[in-house]
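First the structure, in the form of structure tokens, and then the observations on it.
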Amino acid sequence: MDKIASFCIDHDKLVPGIYLSRIDGDVKTYDIRMRRPNTPPYLENAALHTLEHLFATFARNSEWKDHVIYFGPMGCRTGCYFLLKDMEEADAVRLIRSIFRQIAEYEGEIPGATAKECGNYLEHDLAGARKEAQDFLPIIEDWDERNLVYPA
Ligand SMILES: [Zn+2]
């Protein structure tokens, strides 16, 4: 079988940040890398789960909602993928940063966190999600479209 593109990047050289993972037509996949690969501690699943609910909710309520295709965590628990269509890279980076700012200070109900709405509704950690966002924000504070290339 062919090795898929995301397995071809050198995970030894990857550090936390935002990267352009792939382009499929008018859809761009962003790698939101919150942990250095293979360097514990990994993202805790409950915090990552809440981060997923909040990020997806804020993205789909943003001015760019019509460009949002998908947001989801990586199984390795070192980050998330965010898919956007018809959107400039500079705008994508700004959107990601503004969503992390919203998560960092969010108080209230976790959206979609009832048994009817979620596959594991008890496994959530709002404080953990906020802390992850607060810790990631300084890393991406000055990030722009020129920083999106994976380290070679
Ligand atoms: Zn869920």
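Labels used: A, B, ... for chains in the order of the structure tokens, numbers from 1 for residues in each chain, and numbers from 1 for ligands as shown.
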Counting only C-alpha atoms, give me one row per residue of stretch 62-109 of chain A with an atom at most 12 Å from an atom of stretch 1-22 of chain A, showing the shortest contact pair and its distance in Å to one decimal, sorted by chain then residue number, as JSON lines.
{"residue": "A:Met74", "atom": "CA", "partner": "A:Ser6", "partner_atom": "CA", "distance": 11.3}
{"residue": "A:Cys76", "atom": "CA", "partner": "A:His11", "partner_atom": "CA", "distance": 11.7}
{"residue": "A:Thr78", "atom": "CA", "partner": "A:Pro16", "partner_atom": "CA", "distance": 8.7}
{"residue": "A:Gly79", "atom": "CA", "partner": "A:Pro16", "partner_atom": "CA", "distance": 8.6}
{"residue": "A:Cys80", "atom": "CA", "partner": "A:Ile18", "partner_atom": "CA", "distance": 9.8}
{"residue": "A:Tyr81", "atom": "CA", "partner": "A:Ser21", "partner_atom": "CA", "distance": 8.6}
{"residue": "A:Phe82", "atom": "CA", "partner": "A:Ser21", "partner_atom": "CA", "distance": 9.6}
{"residue": "A:Leu83", "atom": "CA", "partner": "A:Arg22", "partner_atom": "CA", "distance": 9.5}
{"residue": "A:Leu84", "atom": "CA", "partner": "A:Leu20", "partner_atom": "CA", "distance": 10.8}
{"residue": "A:Lys85", "atom": "CA", "partner": "A:Arg22", "partner_atom": "CA", "distance": 12.0}
{"residue": "A:Glu88", "atom": "CA", "partner": "A:Leu20", "partner_atom": "CA", "distance": 11.6}
{"residue": "A:Glu89", "atom": "CA", "partner": "A:Leu20", "partner_atom": "CA", "distance": 8.5}
{"residue": "A:Ala90", "atom": "CA", "partner": "A:Leu20", "partner_atom": "CA", "distance": 11.3}
{"residue": "A:Ala92", "atom": "CA", "partner": "A:Ile18", "partner_atom": "CA", "distance": 10.0}
{"residue": "A:Val93", "atom": "CA", "partner": "A:Ile18", "partner_atom": "CA", "distance": 7.6}
{"residue": "A:Arg94", "atom": "CA", "partner": "A:Ile18", "partner_atom": "CA", "distance": 10.9}
{"residue": "A:Leu95", "atom": "CA", "partner": "A:Ile18", "partner_atom": "CA", "distance": 11.7}
{"residue": "A:Ile96", "atom": "CA", "partner": "A:Ile18", "partner_atom": "CA", "distance": 8.8}
{"residue": "A:Arg97", "atom": "CA", "partner": "A:Ile18", "partner_atom": "CA", "distance": 9.8}
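Among all protein and nucleic acid residues, the ones that lie within 7 Å of ligand 1 when counting only C-alpha atoms and all ligand atoms are His49, His53, Gly112, Ala113, Cys118, Gly119, Asn120 and Tyr121 of chain A.
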Would you pick out the contacts of stretch 54-59 of chain A at 10 Å or less, using only C-alpha atoms, so that residues sharing its chain but fewer than 3 positions from it are not included, and give the list as a PyMOL selection string? chain A and resi 48-51+62-72+82+95-96+98-100+102-103+106+109-112+126+129-130
Would you please give, as a PyMOL selection string, all residues of chain A that DSSP assigns to strand (DSSP E or B) based on the backbone? chain A and resi 17-24+27-33+68-73+79-85
Let me make sure I understand: among A:Glu141, A:Asp135, A:Asp91, A:Glu44, which one has the smallest atom-to-atom distance to A:Ala104 if we use only C-alpha atoms? A:Asp135
For A:Asn38, which of A:Arg77, A:Met87, A:Asn61, A:Glu117 is the closest residue, counting only C-alpha atoms? A:Arg77
Can you tell me which residues surround A:Asp86 at a distance of at most 9 Å, considering only C-alpha atoms, apart from same-chain residues fewer than 5 positions away, and format the answer as a ChimeraX atom specification? /A:26-28,67
Keeping all heavy atoms for every residue in the selection just given, could you write it to a file as a PDB file, in the first residue's frame?
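Result file selection12.pdb:
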ATOM      1  N   ASP A  26      -9.839  22.493  -3.487  1.00  0.00           N
ATOM      2  CA  ASP A  26      -9.988  23.759  -2.754  1.00  0.00           C
ATOM      3  C   ASP A  26     -10.044  23.551  -1.241  1.00  0.00           C
ATOM      4  O   ASP A  26     -10.357  24.469  -0.486  1.00  0.00           O
ATOM      5  CB  ASP A  26     -11.224  24.522  -3.256  1.00  0.00           C
ATOM      6  CG  ASP A  26     -12.490  23.679  -3.188  1.00  0.00           C
ATOM      7  OD1 ASP A  26     -12.430  22.534  -2.704  1.00  0.00           O
ATOM      8  OD2 ASP A  26     -13.543  24.173  -3.627  1.00  0.00           O
ATOM      9  N   VAL A  27      -9.730  22.338  -0.793  1.00  0.00           N
ATOM     10  CA  VAL A  27      -9.736  22.052   0.650  1.00  0.00           C
ATOM     11  C   VAL A  27      -8.305  21.959   1.184  1.00  0.00           C
ATOM     12  O   VAL A  27      -7.481  21.226   0.630  1.00  0.00           O
ATOM     13  CB  VAL A  27     -10.491  20.735   0.947  1.00  0.00           C
ATOM     14  CG1 VAL A  27     -10.395  20.391   2.434  1.00  0.00           C
ATOM     15  CG2 VAL A  27     -11.947  20.842   0.526  1.00  0.00           C
ATOM     16  N   LYS A  28      -8.033  22.724   2.239  1.00  0.00           N
ATOM     17  CA  LYS A  28      -6.720  22.676   2.875  1.00  0.00           C
ATOM     18  C   LYS A  28      -6.850  22.061   4.265  1.00  0.00           C
ATOM     19  O   LYS A  28      -7.748  22.428   5.032  1.00  0.00           O
ATOM     20  CB  LYS A  28      -6.112  24.076   2.973  1.00  0.00           C
ATOM     21  CG  LYS A  28      -5.674  24.585   1.606  1.00  0.00           C
ATOM     22  CD  LYS A  28      -5.092  25.975   1.630  1.00  0.00           C
ATOM     23  CE  LYS A  28      -4.674  26.354   0.202  1.00  0.00           C
ATOM     24  NZ  LYS A  28      -4.324  27.762   0.076  1.00  0.00           N
ATOM     25  N   HIS A  67     -16.926  27.870   5.408  1.00  0.00           N
ATOM     26  CA  HIS A  67     -15.680  27.320   4.866  1.00  0.00           C
ATOM     27  C   HIS A  67     -15.185  26.119   5.676  1.00  0.00           C
ATOM     28  O   HIS A  67     -14.210  25.487   5.304  1.00  0.00           O
ATOM     29  CB  HIS A  67     -14.597  28.409   4.850  1.00  0.00           C
ATOM     30  CG  HIS A  67     -14.966  29.594   4.010  1.00  0.00           C
ATOM     31  ND1 HIS A  67     -14.453  29.805   2.744  1.00  0.00           N
ATOM     32  CD2 HIS A  67     -15.832  30.619   4.240  1.00  0.00           C
ATOM     33  CE1 HIS A  67     -14.975  30.914   2.242  1.00  0.00           C
ATOM     34  NE2 HIS A  67     -15.812  31.430   3.127  1.00  0.00           N
TER      35      HIS A  67
END
Among the residues A:Ala47, A:Pro37, A:Ile23, A:Ile32, the one that comes closest to A:Glu132 [using only C-alpha atoms]: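 Smallest separation from A:Glu132 among the options: A:Ala47.
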